[in-house]
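Presented below is the structure to which this report refers.
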Amino acid sequence: DYARLSRSLASSVRNRTFIRAARVCGESEFHILFFRVLPNILGPLAVQASLGIASTMMEVAALSYLGLGVAEPTAEWGAMINSGRAYIQTDPKLVLIPGAAIFLTAAVFHLFGEKLRDRLQS
């Protein structure tokens with residue numbers, strides 16, 4: 001996904017006027033790539049990465065909830081929810097606290113990605 005995004009961004013930047021001007025001025029392909037193209041595609045890639053963190057967190061928590069995630073002695077929010085499920089009637093905070101932590105952390109990463117995208121577009 002990141003490779004396709006970076007390829008499409010690089011091909012759109014490649015045809016811009018400042019790249020042609022850099023070639024006319026005699027800059028090497030290495031210099032154009034690392035000092036002209038790369039800074040222009042890092043912003044959208046960073047936004048995509050920050051938005052991907054939230055979905056990856058949810059996927060890892062879901063796998064751990066199902067028992068397919070990390071091993072038992074390792075603390076993981078999905079595994080905490082799964083182990084607290086047996087005590088939900090007597091002590092619901094064993095499920096609610098890890099669930100709220102997953103929700104809040106994923107929301108923070110998602111909002112960070114949205115704000116970063118808005119900041120880079122303006």
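Simple scheme: letters A, B, ... for chains in structure tokens order, numbers from 1 for residues in each chain, numbers from 1 for ligands in the order shown.
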What's the 8 Å shell around segment 46-55 of chain A, counting only C-alpha atoms, without same-chain residues fewer than 2 positions away, as a PDB file with N, CA, C and O atoms, in the first residue's frame?
```
ATOM      1  N   TYR A   2       1.895   1.250   0.871  1.00  0.00           N
ATOM      2  CA  TYR A   2       2.791   2.402   0.929  1.00  0.00           C
ATOM      3  C   TYR A   2       3.620   2.516  -0.348  1.00  0.00           C
ATOM      4  O   TYR A   2       3.917   3.624  -0.789  1.00  0.00           O
ATOM      5  N   LEU A  42       6.975  12.825   1.487  1.00  0.00           N
ATOM      6  CA  LEU A  42       7.007  12.369   2.872  1.00  0.00           C
ATOM      7  C   LEU A  42       5.761  12.772   3.652  1.00  0.00           C
ATOM      8  O   LEU A  42       5.312  12.024   4.526  1.00  0.00           O
ATOM      9  N   GLY A  43       5.197  13.918   3.370  1.00  0.00           N
ATOM     10  CA  GLY A  43       3.998  14.371   4.081  1.00  0.00           C
ATOM     11  C   GLY A  43       2.824  13.426   3.922  1.00  0.00           C
ATOM     12  O   GLY A  43       2.268  12.933   4.918  1.00  0.00           O
ATOM     13  N   PRO A  44       2.404  13.142   2.703  1.00  0.00           N
ATOM     14  CA  PRO A  44       1.295  12.199   2.527  1.00  0.00           C
ATOM     15  C   PRO A  44       1.594  10.798   3.044  1.00  0.00           C
ATOM     16  O   PRO A  44       0.708  10.112   3.547  1.00  0.00           O
ATOM     17  N   MET A  57      -3.748  -1.182  15.330  1.00  0.00           N
ATOM     18  CA  MET A  57      -4.022  -1.425  16.749  1.00  0.00           C
ATOM     19  C   MET A  57      -5.309  -2.212  16.931  1.00  0.00           C
ATOM     20  O   MET A  57      -5.366  -3.143  17.752  1.00  0.00           O
ATOM     21  N   MET A  58      -6.336  -1.844  16.195  1.00  0.00           N
ATOM     22  CA  MET A  58      -7.610  -2.538  16.309  1.00  0.00           C
ATOM     23  C   MET A  58      -7.489  -3.995  15.838  1.00  0.00           C
ATOM     24  O   MET A  58      -8.068  -4.897  16.442  1.00  0.00           O
ATOM     25  N   GLU A  59      -6.728  -4.216  14.778  1.00  0.00           N
ATOM     26  CA  GLU A  59      -6.555  -5.574  14.275  1.00  0.00           C
ATOM     27  C   GLU A  59      -5.786  -6.447  15.260  1.00  0.00           C
ATOM     28  O   GLU A  59      -6.142  -7.607  15.488  1.00  0.00           O
ATOM     29  N   THR A 105      -6.658   5.532  22.319  1.00  0.00           N
ATOM     30  CA  THR A 105      -5.385   5.545  21.606  1.00  0.00           C
ATOM     31  C   THR A 105      -5.607   5.548  20.097  1.00  0.00           C
ATOM     32  O   THR A 105      -4.945   6.295  19.369  1.00  0.00           O
ATOM     33  N   ALA A 106      -6.521   4.729  19.617  1.00  0.00           N
ATOM     34  CA  ALA A 106      -6.820   4.715  18.184  1.00  0.00           C
ATOM     35  C   ALA A 106      -7.407   6.052  17.730  1.00  0.00           C
ATOM     36  O   ALA A 106      -7.071   6.556  16.655  1.00  0.00           O
ATOM     37  N   ALA A 107      -8.262   6.645  18.569  1.00  0.00           N
ATOM     38  CA  ALA A 107      -8.845   7.949  18.218  1.00  0.00           C
ATOM     39  C   ALA A 107      -7.780   9.036  18.168  1.00  0.00           C
ATOM     40  O   ALA A 107      -7.811   9.898  17.280  1.00  0.00           O
ATOM     41  N   PHE A 109      -4.534   8.666  17.443  1.00  0.00           N
ATOM     42  CA  PHE A 109      -3.748   8.495  16.228  1.00  0.00           C
ATOM     43  C   PHE A 109      -4.537   8.904  14.994  1.00  0.00           C
ATOM     44  O   PHE A 109      -3.999   9.513  14.068  1.00  0.00           O
ATOM     45  N   HIS A 110      -5.829   8.584  14.974  1.00  0.00           N
ATOM     46  CA  HIS A 110      -6.658   8.971  13.833  1.00  0.00           C
ATOM     47  C   HIS A 110      -6.797  10.492  13.743  1.00  0.00           C
ATOM     48  O   HIS A 110      -6.646  11.067  12.663  1.00  0.00           O
ATOM     49  N   PHE A 112      -4.730  12.687  14.977  1.00  0.00           N
ATOM     50  CA  PHE A 112      -3.417  13.211  14.628  1.00  0.00           C
ATOM     51  C   PHE A 112      -3.197  13.133  13.118  1.00  0.00           C
ATOM     52  O   PHE A 112      -2.699  14.084  12.503  1.00  0.00           O
ATOM     53  N   GLY A 113      -3.584  12.016  12.514  1.00  0.00           N
ATOM     54  CA  GLY A 113      -3.455  11.879  11.060  1.00  0.00           C
ATOM     55  C   GLY A 113      -4.323  12.868  10.308  1.00  0.00           C
ATOM     56  O   GLY A 113      -3.904  13.438   9.299  1.00  0.00           O
ATOM     57  N   GLU A 114      -5.534  13.077  10.794  1.00  0.00           N
ATOM     58  CA  GLU A 114      -6.432  14.041  10.156  1.00  0.00           C
ATOM     59  C   GLU A 114      -5.883  15.464  10.254  1.00  0.00           C
ATOM     60  O   GLU A 114      -5.899  16.221   9.284  1.00  0.00           O
ATOM     61  N   LEU A 116      -2.747  16.311  10.717  1.00  0.00           N
ATOM     62  CA  LEU A 116      -1.530  16.384   9.910  1.00  0.00           C
ATOM     63  C   LEU A 116      -1.869  16.554   8.444  1.00  0.00           C
ATOM     64  O   LEU A 116      -1.243  17.352   7.731  1.00  0.00           O
ATOM     65  N   ARG A 117      -2.884  15.836   7.981  1.00  0.00           N
ATOM     66  CA  ARG A 117      -3.318  15.983   6.581  1.00  0.00           C
ATOM     67  C   ARG A 117      -3.833  17.391   6.319  1.00  0.00           C
ATOM     68  O   ARG A 117      -3.506  18.010   5.313  1.00  0.00           O
TER      69      ARG A 117
END
```
Asn40 of chain A surroundings by only C-alpha atoms, 10 Å radius, close-in-sequence under 6 positions cut, as a list in words: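 With the cut-off at 10 Å, the set is Leu9, Ala10, Val13 and Phe34 of chain A.
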Residue list (alpha helix (DSSP H), DSSP) for segment 16-122 of chain A, as a PyMOL selection string: chain A and resi 17-24+29-32+38-65+77-84+93-121
Excluding same-chain residues fewer than 6 positions from segment 97-101 of chain A, what lies within 7 Å of it counting only C-alpha atoms, as a ChimeraX atom specification? /A:77,80-81
I'd like to know which of A:Arg14, A:Thr90, A:Thr56, A:Pro73 is closest to Arg36 of chain A, using only C-alpha atoms.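 Nearest to Arg36 of chain A: A:Arg14.
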Near segment 62-70 of chain A, within 6 Å and counting only C-alpha atoms, which residues show up once chain neighbours fewer than 4 positions away are dropped, as a list in words? Gly78, Ala79 and Asn82 of chain A
Dump of C-alpha atoms for the selected residues, as an mmCIF file, in the first residue's frame:
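Dumped to part-v7.cif:
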```cif
data_model
loop_
_atom_site.group_PDB
_atom_site.id
_atom_site.type_symbol
_atom_site.label_atom_id
_atom_site.label_comp_id
_atom_site.auth_asym_id
_atom_site.auth_seq_id
_atom_site.Cartn_x
_atom_site.Cartn_y
_atom_site.Cartn_z
ATOM 1 C CA GLY A 78 -7.292 -7.476 23.430
ATOM 2 C CA ALA A 79 -6.044 -10.298 25.645
ATOM 3 C CA ASN A 82 -10.696 -11.627 26.693
#
```
Pairwise distance for atom CA of Ser6 of chain A and atom CA of Pro39 of chain A, rounded to one decimal in Å: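 That distance, rounded to one decimal, is 11.6 Å.
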Nearest residue to Ala61 of chain A from the set A:Ala75, A:Val108, A:Ala21, A:Ala3 (distances using only C-alpha atoms):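 Looking only at the distances to Ala61 of chain A, the closest residue turns out to be A:Ala75.
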Which value, in Å to one decimal, gives the distance between atom CA of Asn15 of chain A and atom CA of Asp1 of chain A?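 Rounded to one decimal, the two atoms are 22.2 Å apart.
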What separates atom CA of Thr74 of chain A and atom CA of Val60 of chain A is a distance of 13.0 Å
